[in-house]
file input13.txt (compact mmCIF, C-alpha atoms)
# COMPACT_ATOMS: atom_id res chain seq x y z
CA MET A 978 70.01 133.52 131.57
CA GLY A 979 68.71 131.93 128.38
CA ASP A 980 71.20 134.01 126.34
CA MET A 981 74.18 133.19 128.55
CA PRO A 982 75.56 130.19 126.55
CA ALA A 983 75.47 132.18 123.31
CA ARG A 984 77.01 135.18 125.05
CA LEU A 985 79.82 133.04 126.47
CA LEU A 986 80.60 131.73 123.00
CA ASP A 987 80.68 135.28 121.63
CA LEU A 988 82.94 136.36 124.49
CA LEU A 989 85.26 133.41 123.91
CA SER A 990 85.44 134.20 120.19
CA LEU A 991 86.49 137.78 120.97
CA LEU A 992 89.10 136.70 123.53
CA GLN A 993 90.72 134.32 121.05
CA SER A 994 91.92 137.31 119.03
CA PRO A 995 95.55 138.04 120.05
CA ARG A 996 95.01 141.34 121.88
CA ASP A 997 93.91 142.82 125.22
CA TRP A 998 90.20 143.62 125.52
CA PRO A 999 89.15 146.37 127.97
CA GLY A 1000 86.06 145.45 129.96
CA SER A 1001 84.18 148.45 128.63
CA GLU A 1002 84.81 147.39 125.01
CA LEU A 1003 83.69 143.82 125.69
CA ALA A 1004 80.56 145.13 127.38
CA GLY A 1005 79.79 147.30 124.36
CA ARG A 1006 80.38 144.43 121.89
CA LEU A 1007 78.15 142.05 123.86
CA GLY A 1008 75.48 144.59 124.84
CA VAL A 1009 75.77 143.89 128.58
CA SER A 1010 77.15 145.63 131.65
CA ARG A 1011 80.78 145.46 132.75
CA ARG A 1012 79.63 143.53 135.82
CA THR A 1013 78.12 140.87 133.55
CA VAL A 1014 81.38 140.70 131.62
CA ARG A 1015 83.28 140.06 134.86
CA ARG A 1016 80.87 137.25 135.79
CA ASP A 1017 81.17 135.72 132.33
CA ILE A 1018 84.98 135.86 132.58
CA ASP A 1019 84.75 133.94 135.86
CA ARG A 1020 82.51 131.32 134.19
CA LEU A 1021 85.07 130.83 131.39
CA ARG A 1022 87.81 130.36 133.99
CA GLU A 1023 85.70 127.73 135.75
CA LEU A 1024 85.44 125.92 132.39
CA GLY A 1025 89.22 125.80 132.13
CA TYR A 1026 89.93 128.80 129.90
CA PRO A 1027 92.98 130.73 131.25
CA VAL A 1028 91.74 134.31 130.94
CA ARG A 1029 94.30 136.82 132.24
CA ALA A 1030 93.41 140.31 133.42
CA ALA A 1031 95.82 143.26 133.27
CA MET A 1032 95.15 146.45 135.24
CA GLY A 1033 95.70 150.00 134.09
CA ALA A 1034 94.67 152.19 131.18
CA LEU A 1035 96.25 149.84 128.64
CA GLY A 1036 95.10 146.69 130.40
CA GLY A 1037 92.20 144.37 129.75
CA TYR A 1038 91.38 140.71 129.33
CA ARG A 1039 93.34 138.25 127.22
CA LEU A 1040 93.09 134.50 126.65
CA ALA A 1041 96.48 133.05 127.59
CA ALA A 1042 98.11 129.73 126.79
CA GLY A 1043 97.16 127.08 129.34
CA THR A 1044 98.13 123.53 130.16
CA ALA A 1045 95.52 122.06 127.81
CA MET A 1046 94.19 122.96 124.38
CA PRO A 1047 90.72 124.54 124.80
CA PRO A 1048 88.05 124.32 122.09
CA LEU A 1049 88.58 126.98 119.44
CA LEU A 1050 85.91 129.11 117.82
CA LEU A 1051 86.57 129.90 114.16
CA ASP A 1052 84.81 132.24 111.78
CA ASP A 1053 83.95 131.06 108.26
CA GLU A 1054 87.16 132.27 106.63
CA GLU A 1055 89.36 130.79 109.35
CA ALA A 1056 87.62 127.41 109.14
CA VAL A 1057 88.01 127.26 105.36
CA ALA A 1058 91.68 128.29 105.58
CA ILE A 1059 92.44 125.57 108.13
CA ALA A 1060 90.55 122.94 106.12
CA VAL A 1061 92.49 123.79 102.95
CA GLY A 1062 95.79 123.79 104.86
CA LEU A 1063 95.05 120.38 106.38
CA ARG A 1064 94.07 119.00 102.96
CA THR A 1065 97.42 120.15 101.58
CA ALA A 1066 99.34 118.65 104.52
CA ALA A 1067 97.43 115.38 104.10
CA SER A 1068 98.06 115.13 100.35
CA HIS A 1069 101.79 115.85 100.70
CA PRO A 1070 102.92 114.24 103.96
CA VAL A 1071 105.22 116.27 106.18
CA ALA A 1072 107.44 114.23 108.50
CA GLY A 1073 106.04 114.09 112.01
CA ILE A 1074 102.52 115.42 111.33
CA GLU A 1075 101.21 113.03 108.67
CA GLU A 1076 98.62 111.11 110.66
CA ALA A 1077 97.83 114.08 112.93
CA SER A 1078 96.89 116.21 109.91
CA VAL A 1079 94.51 113.52 108.66
CA ARG A 1080 92.88 113.10 112.09
CA ALA A 1081 92.43 116.85 112.44
CA LEU A 1082 90.99 117.07 108.92
CA ALA A 1083 88.52 114.25 109.69
CA LYS A 1084 87.32 116.06 112.83
CA LEU A 1085 86.98 119.37 111.03
CA GLU A 1086 85.14 117.85 108.05
CA GLN A 1087 82.66 116.25 110.45
CA VAL A 1088 81.55 119.56 111.98
CA LEU A 1089 81.92 121.95 109.03
CA PRO A 1090 78.62 123.24 107.68
CA SER A 1091 77.94 121.99 104.16
CA ARG A 1092 78.44 125.46 102.66
CA LEU A 1093 81.93 125.76 104.20
CA ARG A 1094 82.80 122.17 103.30
CA HIS A 1095 81.92 123.00 99.68
CA ARG A 1096 84.02 126.17 99.73
CA ALA A 1097 87.02 124.33 101.15
CA GLY A 1098 86.65 121.54 98.57
CA VAL A 1099 86.42 123.97 95.64
CA LEU A 1100 89.45 125.93 96.80
CA ALA A 1101 91.51 122.79 97.36
CA ALA A 1102 90.52 121.41 93.94
CA ALA A 1103 91.61 124.64 92.26
CA THR A 1104 95.04 124.46 93.91
CA VAL A 1105 97.26 121.98 92.06
CA THR A 1106 100.67 121.10 93.46
CA MET A 1107 102.82 118.06 92.85
CA PRO A 1108 104.34 116.17 95.77
CA PRO A 1109 108.10 115.49 95.89
CA GLY A 1110 109.32 113.09 93.25
CA GLY A 1111 106.39 113.70 90.88
CA GLU A 1112 104.16 111.12 92.59
CA ALA A 1113 100.42 111.33 91.97
CA PRO A 1114 98.78 113.31 94.79
CA VAL A 1115 96.46 111.51 97.21
CA ASP A 1116 92.84 112.65 97.38
CA PRO A 1117 92.38 114.05 100.93
CA ARG A 1118 88.69 113.07 100.82
CA ASN A 1119 89.74 109.43 100.60
CA LEU A 1120 92.12 109.92 103.52
CA VAL A 1121 89.27 111.35 105.62
CA VAL A 1122 87.04 108.35 104.87
CA LEU A 1123 89.86 105.88 105.64
CA ALA A 1124 90.81 107.66 108.87
CA ALA A 1125 87.20 107.77 110.05
CA ALA A 1126 86.72 104.05 109.35
CA ALA A 1127 89.90 103.19 111.27
CA THR A 1128 88.90 105.38 114.21
CA ASN A 1129 85.33 104.03 114.34
CA ARG A 1130 86.43 100.40 113.75
CA GLU A 1131 84.06 100.28 110.78
CA ARG A 1132 84.26 97.96 107.80
CA LEU A 1133 85.13 99.65 104.53
CA ARG A 1134 84.62 98.74 100.87
CA PHE A 1135 86.75 100.18 98.10
CA ALA A 1136 88.07 99.51 94.63
CA TYR A 1137 91.76 98.70 94.49
CA ARG A 1138 94.02 98.93 91.44
CA SER A 1139 97.04 96.64 91.65
CA GLY A 1140 100.44 97.32 90.09
CA ASP A 1141 99.55 95.48 86.87
CA GLY A 1142 96.40 97.58 86.40
CA THR A 1143 93.81 94.99 87.45
CA GLU A 1144 91.04 96.26 89.74
CA THR A 1145 89.33 94.35 92.52
CA ARG A 1146 86.71 95.15 95.16
CA ARG A 1147 87.89 94.83 98.75
CA LEU A 1148 86.05 94.50 102.06
CA THR A 1149 88.40 95.51 104.88
CA GLU A 1150 88.67 96.55 108.50
CA PRO A 1151 91.03 99.56 108.48
CA TYR A 1152 93.58 99.74 111.30
CA ARG A 1153 96.01 102.59 110.61
CA LEU A 1154 97.10 105.07 107.95
CA VAL A 1155 100.87 105.31 107.50
CA ALA A 1156 102.82 107.93 105.57
CA ALA A 1157 106.06 106.44 104.26
CA GLY A 1158 108.29 108.67 102.18
CA ARG A 1159 106.35 109.76 99.11
CA ARG A 1160 103.23 107.64 99.66
CA TRP A 1161 100.33 106.92 102.01
CA TYR A 1162 99.51 103.32 102.96
CA LEU A 1163 96.49 101.78 104.66
CA LEU A 1164 97.03 98.81 106.98
CA ALA A 1165 93.80 96.81 107.17
CA TYR A 1166 92.44 93.33 107.75
CA ASP A 1167 91.23 91.96 104.41
CA ASN A 1168 87.99 90.05 105.07
CA ASP A 1169 88.00 88.30 101.69
CA ARG A 1170 91.56 87.00 102.12
CA ASP A 1171 91.28 86.48 105.88
CA ASP A 1172 94.65 88.13 106.48
CA TRP A 1173 96.35 91.47 107.06
CA ARG A 1174 97.17 93.53 103.97
CA PHE A 1175 98.51 96.99 103.24
CA PHE A 1176 97.24 99.14 100.37
CA ARG A 1177 98.64 102.17 98.57
CA VAL A 1178 96.10 104.93 99.14
CA ASP A 1179 96.69 106.48 95.71
CA ARG A 1180 95.39 103.19 94.22
CA ILE A 1181 92.23 103.15 96.37
CA GLY A 1182 89.04 104.37 94.72
CA GLU A 1183 85.46 104.91 95.87
CA PRO A 1184 85.97 104.12 99.58
CA GLN A 1185 82.60 103.58 101.27
CA ALA A 1186 81.96 102.93 104.95
CA THR A 1187 79.52 100.04 105.39
CA GLY A 1188 78.14 101.17 108.76
CA VAL A 1189 79.10 97.78 110.26
CA ARG A 1190 81.26 98.18 113.38
CA VAL A 1191 83.49 95.31 114.41
CA PRO A 1192 85.68 94.47 117.43
CA ALA A 1193 89.17 95.87 117.18
CA ARG A 1194 91.73 93.56 115.56
CA VAL A 1195 95.40 93.82 116.40
CA PRO A 1196 97.98 93.03 113.68
CA PRO A 1197 100.91 90.72 114.45
CA GLU A 1198 103.07 93.81 114.94
CA GLN A 1199 101.20 96.67 116.60
CA ASP A 1200 103.56 99.29 115.16
CA ALA A 1201 101.80 99.80 111.82
CA ALA A 1202 104.78 101.59 110.24
CA ALA A 1203 107.17 98.78 111.21
CA PHE A 1204 104.69 96.15 109.96
CA ILE A 1205 104.34 97.80 106.54
CA SER A 1206 108.06 98.47 106.26
CA GLY A 1207 108.86 94.84 107.01
CA LYS A 1208 106.37 93.60 104.43
CA MET A 1209 107.64 95.99 101.78
CA TYR A 1210 111.27 94.95 102.23
CA SER A 1211 110.31 91.29 102.15
CA LEU A 1212 108.49 91.74 98.83
CA ALA A 1213 110.89 94.05 97.01
CA PRO A 1214 114.58 93.41 96.33
CA THR A 1215 116.91 95.74 98.19
CA TYR A 1216 120.12 96.92 96.57
CA GLN A 1217 123.16 98.64 98.00
CA VAL A 1218 124.17 101.45 95.69
CA VAL A 1219 127.74 102.71 95.39
CA ALA A 1220 128.37 105.46 92.85
CA THR A 1221 130.83 108.25 92.17
CA LEU A 1222 129.10 111.55 91.47
CA HIS A 1223 130.89 114.45 89.83
CA LEU A 1224 129.07 117.01 91.94
CA PRO A 1225 129.95 118.61 95.31
CA ALA A 1226 128.70 116.59 98.27
CA GLY A 1227 126.64 119.50 99.62
CA GLN A 1228 124.68 119.82 96.38
CA VAL A 1229 124.03 116.07 96.30
CA ARG A 1230 122.63 116.14 99.84
CA SER A 1231 120.38 119.12 99.11
CA ARG A 1232 119.05 117.62 95.86
CA LEU A 1233 118.47 114.09 97.15
CA GLY A 1234 117.20 115.12 100.59
CA ALA A 1235 116.23 112.20 102.84
CA ALA A 1236 117.06 109.75 100.02
CA ALA A 1237 120.72 110.82 99.94
CA GLY A 1238 122.06 107.98 102.06
CA GLU A 1239 125.76 108.32 102.88
CA VAL A 1240 127.55 111.02 100.87
CA GLU A 1241 131.33 111.15 101.26
CA PRO A 1242 133.34 113.97 99.62
CA ILE A 1243 136.30 112.74 97.56
CA GLY A 1244 137.21 116.14 96.13
CA GLU A 1245 135.88 119.64 95.71
CA ARG A 1246 133.71 118.64 92.74
CA SER A 1247 132.96 114.96 93.39
CA CYS A 1248 131.73 112.58 96.06
CA ARG A 1249 130.95 108.92 96.76
CA LEU A 1250 127.33 107.91 97.30
CA ARG A 1251 126.41 104.80 99.30
CA GLY A 1252 122.95 103.70 100.36
CA PRO A 1253 120.06 101.26 100.00
CA ALA A 1254 117.60 101.29 97.09
CA ASP A 1255 114.41 99.25 96.77
CA THR A 1256 113.91 99.71 93.00
CA LEU A 1257 116.32 100.11 90.10
CA GLU A 1258 113.94 102.39 88.18
CA TRP A 1259 113.60 104.98 90.94
CA THR A 1260 117.32 104.93 91.74
CA ALA A 1261 118.31 105.41 88.09
CA ALA A 1262 115.86 108.28 87.72
CA ARG A 1263 117.19 110.01 90.83
CA LEU A 1264 120.79 109.72 89.64
CA LEU A 1265 119.95 111.04 86.16
CA MET A 1266 117.96 113.93 87.63
CA LEU A 1267 121.06 115.15 89.47
CA GLY A 1268 122.28 116.55 86.15
CA CYS A 1269 125.90 115.49 86.57
CA GLU A 1270 128.28 112.82 85.32
CA PHE A 1271 128.47 109.70 87.48
CA GLU A 1272 129.80 106.13 87.52
CA VAL A 1273 127.93 103.24 89.12
CA HIS A 1274 130.11 100.73 90.95
CA GLU A 1275 127.38 98.67 92.60
CA PRO A 1276 125.04 96.91 92.07
CA PRO A 1277 125.67 95.43 88.61
CA GLU A 1278 121.88 95.32 88.04
CA LEU A 1279 121.75 99.13 88.22
CA ALA A 1280 124.59 99.50 85.71
CA ALA A 1281 122.83 97.07 83.34
CA TYR A 1282 119.54 98.93 83.72
CA LEU A 1283 121.24 102.26 82.92
CA ARG A 1284 122.76 100.75 79.75
CA GLU A 1285 119.32 99.53 78.71
CA LEU A 1286 117.86 102.95 79.49
CA SER A 1287 120.60 104.63 77.46
CA ALA A 1288 119.91 102.44 74.43
CA ARG A 1289 116.18 103.14 74.70
CA ALA A 1290 116.81 106.89 74.92
CA THR A 1291 119.11 106.74 71.88
CA ARG A 1292 116.44 104.96 69.84
CA ALA A 1293 113.83 107.48 70.95
CA ALA A 1294 116.06 110.37 69.85
CA GLN A 1295 116.40 109.04 66.27
CA PRO A 1296 114.84 111.46 63.74
CA PRO A 1297 111.89 110.14 61.71
CA GLY A 1298 113.20 107.88 58.96
CA GLY A 1299 116.69 107.99 60.39
CA ALA A 1300 116.67 104.56 61.96
CA GLY A 1301 118.61 103.23 58.98
CA ASP A 1302 121.65 105.20 60.12
CA ALA A 1303 122.13 102.87 63.07
CA PRO A 1304 124.44 99.94 62.40
CA GLY A 1305 122.44 96.99 61.14
CA SER A 1306 119.12 98.80 61.63
CA GLY A 1307 118.27 98.63 57.91
CA ASP A 1308 118.39 94.84 57.75
CA ARG A 1309 115.29 92.80 58.38
CA PRO A 1310 115.28 89.04 58.82
CA ASP A 1311 113.14 88.45 55.72
CA ASP A 1312 115.47 90.58 53.53
CA THR A 1313 118.68 88.84 54.56
CA ARG A 1314 120.36 86.81 51.81
CA THR A 1315 123.67 84.94 51.79
CA LEU A 1316 125.62 85.85 48.66
CA SER A 1317 128.25 83.50 47.26
CA PRO A 1318 131.12 84.78 45.11
CA GLY A 1319 129.91 85.59 41.60
CA SER A 1320 126.20 85.50 42.42
CA GLU A 1321 123.92 88.28 41.16
CA THR A 1322 122.66 90.93 43.56
call {"tool": "encode", "arguments": {"input": "input13.txt", "output": "structure tokens"}}
result
Amino acid sequence: MGDMPARLLDLLSLLQSPRDWPGSELAGRLGVSRRTVRRDIDRLRELGYPVRAAMGALGGYRLAAGTAMPPLLLDDEEAVAIAVGLRTAASHPVAGIEEASVRALAKLEQVLPSRLRHRAGVLAAATVTMPPGGEAPVDPRNLVVLAAAATNRERLRFAYRSGDGTETRRLTEPYRLVAAGRRWYLLAYDNDRDDWRFFRVDRIGEPQATGVRVPARVPPEQDAAAFISGKMYSLAPTYQVVATLHLPAGQVRSRLGAAAGEVEPIGERSCRLRGPADTLEWTAARLLMLGCEFEVHEPPELAAYLRELSARATRAAQPPGGAGDAPGSGDRPDDTRTLSPGSET
């Protein structure tokens, strides 16, 4: 009886392979009698595992899908593969599974043996992919620490780099992680500022759990995504973009993806784009990356920014020493002289 728990785990591991297992083969693998196998199958059923039995020469036992997700037993290679896959999903959010992938990764990291955790970390570090839009990838290890602190209601310290490059130390009480478009955000109560704040995860460094657990705080708006979205739109100007693109509407939708907004065909080779934009820089870059001619109708700030960008690109494309070819570029204020008729040059 002392070997029964280990034998049940071995039996469960075998049954999780997608095939039918004859009783005689299971008995041989486990080193027990077929009668013992039948008793162990009954024990697994009592624990909630839906083990089906099929009669006949081609029959056997198989673990079927049930009404609840039973605990899974993974070998070393399977555990490492799942850990690497979850790290990838966490670094590059996929709509609908962003937070779930981080929670699953946190649970798996907690129970992985150190040797497997090291293998998964090395493999993930050796795999370099860029998320959509060229954003800097988020370190999944930071996401695991943040998710664990939020789940355990534990205070967290980290270094935070603001948009102007200054770095501060923060003491927070994490509430939720939110994946929004191309970035991860942490909604947390900032103890130093005595208020709710949200932080870009790619700007968070050296997150460390303090071990201090605190009562759960509830933000003014319990929907973390709605709270962060509202704050972001209140801080950043929002523009309504209207532009004519000399590219078929289908190609515009496929290239812009979720950021396409409203695309209305106005011909076989052109379309009208309408939609919101929170920054001029990102919108201009997206339009230029389409690789087609276009005209901006609204907002005037975007048209002005594109003219400034065009002038900057023209200056950057000047060959070395060729700046003097530009009109007026050879004159300097200290060399300017007003010449009257008949004066010497």
call {"tool": "residues_around", "arguments": {"input": "input13.txt", "residues": "Arg1180 (chain A)", "least_positions_apart": "6", "cutoff": "8 Å", "atoms": "all atoms listed in the file", "output": "PyMOL selection string"}}
result
chain A and resi 1137-1139
call {"tool": "residues_around", "arguments": {"input": "input13.txt", "residues": "region 1276-1283 of chain A", "least_positions_apart": "5", "cutoff": "7 Å", "atoms": "only C-alpha atoms", "output": "ChimeraX atom specification"}}
result
/A:1216-1218,1257,1261
call {"tool": "residues_around", "arguments": {"input": "input13.txt", "residues": "Arg1190 (chain A)", "least_positions_apart": "3", "cutoff": "9 Å", "atoms": "only C-alpha atoms", "output": "PDB file with C-alpha atoms, in the coordinates of the input"}}
result
ATOM      1  CA  ALA A1126      86.720 104.050 109.350  1.00  0.00           C
ATOM      2  CA  ASN A1129      85.330 104.030 114.340  1.00  0.00           C
ATOM      3  CA  ARG A1130      86.430 100.400 113.750  1.00  0.00           C
ATOM      4  CA  GLU A1131      84.060 100.280 110.780  1.00  0.00           C
ATOM      5  CA  ARG A1132      84.260  97.960 107.800  1.00  0.00           C
ATOM      6  CA  THR A1187      79.520 100.040 105.390  1.00  0.00           C
TER       7      THR A1187
END
call {"tool": "closest_residue", "arguments": {"input": "input13.txt", "among": "A:Arg1160, A:Arg1246, A:Arg984, A:Arg1289", "to": "Cys1269 (chain A)", "atoms": "all atoms listed in the file"}}
result
A:Arg1246
call {"tool": "residues_around", "arguments": {"input": "input13.txt", "residues": "Asn1168 (chain A)", "least_positions_apart": "5", "cutoff": "10 Å", "atoms": "all atoms listed in the file", "output": "VMD selection string"}}
result
chain A and resid 1132 1147 to 1150 1173 to 1174
call {"tool": "closest_residue", "arguments": {"input": "input13.txt", "among": "A:Met1266, A:Glu1258, A:Ala1127, A:Phe1271", "to": "Leu1286 (chain A)", "atoms": "only C-alpha atoms"}}
result
A:Glu1258
call {"tool": "residues_near_point", "arguments": {"input": "input13.txt", "point": "(126.8, 101.9, 91.2)", "cutoff": "6 Å", "atoms": "all atoms listed in the file", "output": "ChimeraX atom specification"}}
result
/A:1218-1220,1273-1276
call {"tool": "write_last_selection", "arguments": {"input": "input13.txt", "atoms": "C-alpha atoms", "output": "mmCIF file, keeping the file's coordinate frame"}}
result
data_model
loop_
_atom_site.group_PDB
_atom_site.id
_atom_site.type_symbol
_atom_site.label_atom_id
_atom_site.label_comp_id
_atom_site.auth_asym_id
_atom_site.auth_seq_id
_atom_site.Cartn_x
_atom_site.Cartn_y
_atom_site.Cartn_z
ATOM 1 C CA VAL A 1218 124.170 101.450 95.690
ATOM 2 C CA VAL A 1219 127.740 102.710 95.390
ATOM 3 C CA ALA A 1220 128.370 105.460 92.850
ATOM 4 C CA VAL A 1273 127.930 103.240 89.120
ATOM 5 C CA HIS A 1274 130.110 100.730 90.950
ATOM 6 C CA GLU A 1275 127.380 98.670 92.600
ATOM 7 C CA PRO A 1276 125.040 96.910 92.070
#
call {"tool": "closest_residue", "arguments": {"input": "input13.txt", "among": "A:Thr1215, A:Arg1263, A:Thr1221, A:Gly1227", "to": "Ile1243 (chain A)", "atoms": "all atoms listed in the file"}}
result
A:Thr1221
call {"tool": "residues_around", "arguments": {"input": "input13.txt", "residues": "Pro1225 (chain A)", "least_positions_apart": "4", "cutoff": "7 Å", "atoms": "only C-alpha atoms", "output": "ChimeraX atom specification"}}
result
/A:1229,1245-1248
call {"tool": "atom_distance", "arguments": {"input": "input13.txt", "atom1": "CA of Asp1052 (chain A)", "atom2": "CA of Ser1091 (chain A)"}}
result
14.5 Å
call {"tool": "closest_residue", "arguments": {"input": "input13.txt", "among": "A:Ala1293, A:Leu1003, A:Ala1056, A:Ala1156", "to": "Val1079 (chain A)", "atoms": "only C-alpha atoms"}}
result
A:Ala1156
call {"tool": "residues_near_point", "arguments": {"input": "input13.txt", "point": "(86.0, 145.4, 127.5)", "cutoff": "12 Å", "atoms": "all atoms listed in the file", "output": "number ranges by chain"}}
result
A: 988, 991-992, 996-1015, 1017-1018, 1030-1031, 1034-1039
call {"tool": "atom_distance", "arguments": {"input": "input13.txt", "atom1": "CA of Leu1164 (chain A)", "atom2": "CA of Pro1184 (chain A)"}}
result
14.3 Å
call {"tool": "atom_distance", "arguments": {"input": "input13.txt", "atom1": "CA of Ser994 (chain A)", "atom2": "CA of Arg1080 (chain A)"}}
result
25.2 Å
call {"tool": "closest_residue", "arguments": {"input": "input13.txt", "among": "A:Ala1226, A:Ala1288, A:Val1195, A:Ala1125", "to": "Glu1239 (chain A)", "atoms": "all atoms listed in the file"}}
result
A:Ala1226
call {"tool": "closest_residue", "arguments": {"input": "input13.txt", "among": "A:Glu1241, A:Leu1224, A:Gly1234, A:Asp1053", "to": "Glu1270 (chain A)", "atoms": "only C-alpha atoms"}}
result
A:Leu1224
call {"tool": "build_atoms", "arguments": {"input": "input13.txt", "residues": "region 1135-1146 of chain A", "atoms": "N, CA and C atoms", "output": "short mmCIF file (atom, residue, chain, number, x, y, z; two decimals), keeping the file's coordinate frame"}}
result
data_model
loop_
_atom_site.label_atom_id
_atom_site.label_comp_id
_atom_site.auth_asym_id
_atom_site.auth_seq_id
_atom_site.Cartn_x
_atom_site.Cartn_y
_atom_site.Cartn_z
N PHE A 1135 86.14 99.27 99.07
CA PHE A 1135 86.75 100.18 98.10
C PHE A 1135 87.23 99.38 96.91
N ALA A 1136 87.46 100.10 95.82
CA ALA A 1136 88.07 99.51 94.63
C ALA A 1136 89.58 99.68 94.75
N TYR A 1137 90.31 98.62 94.39
CA TYR A 1137 91.76 98.70 94.49
C TYR A 1137 92.41 98.30 93.18
N ARG A 1138 93.31 99.17 92.69
CA ARG A 1138 94.02 98.93 91.44
C ARG A 1138 95.42 98.43 91.76
N SER A 1139 95.74 97.22 91.36
CA SER A 1139 97.04 96.64 91.65
C SER A 1139 98.10 97.19 90.69
N GLY A 1140 99.34 96.79 90.90
CA GLY A 1140 100.44 97.32 90.09
C GLY A 1140 100.33 96.99 88.62
N ASP A 1141 99.68 95.84 88.28
CA ASP A 1141 99.55 95.48 86.87
C ASP A 1141 98.29 96.06 86.23
N GLY A 1142 97.56 96.90 86.96
CA GLY A 1142 96.40 97.58 86.40
C GLY A 1142 95.07 96.90 86.65
N THR A 1143 95.07 95.67 87.17
CA THR A 1143 93.81 94.99 87.45
C THR A 1143 93.14 95.62 88.67
N GLU A 1144 91.80 95.64 88.66
CA GLU A 1144 91.04 96.26 89.74
C GLU A 1144 90.15 95.24 90.42
N THR A 1145 90.15 95.26 91.73
CA THR A 1145 89.33 94.35 92.52
C THR A 1145 88.56 95.15 93.55
N ARG A 1146 87.48 94.55 94.07
CA ARG A 1146 86.71 95.15 95.16
C ARG A 1146 87.17 94.52 96.47
#
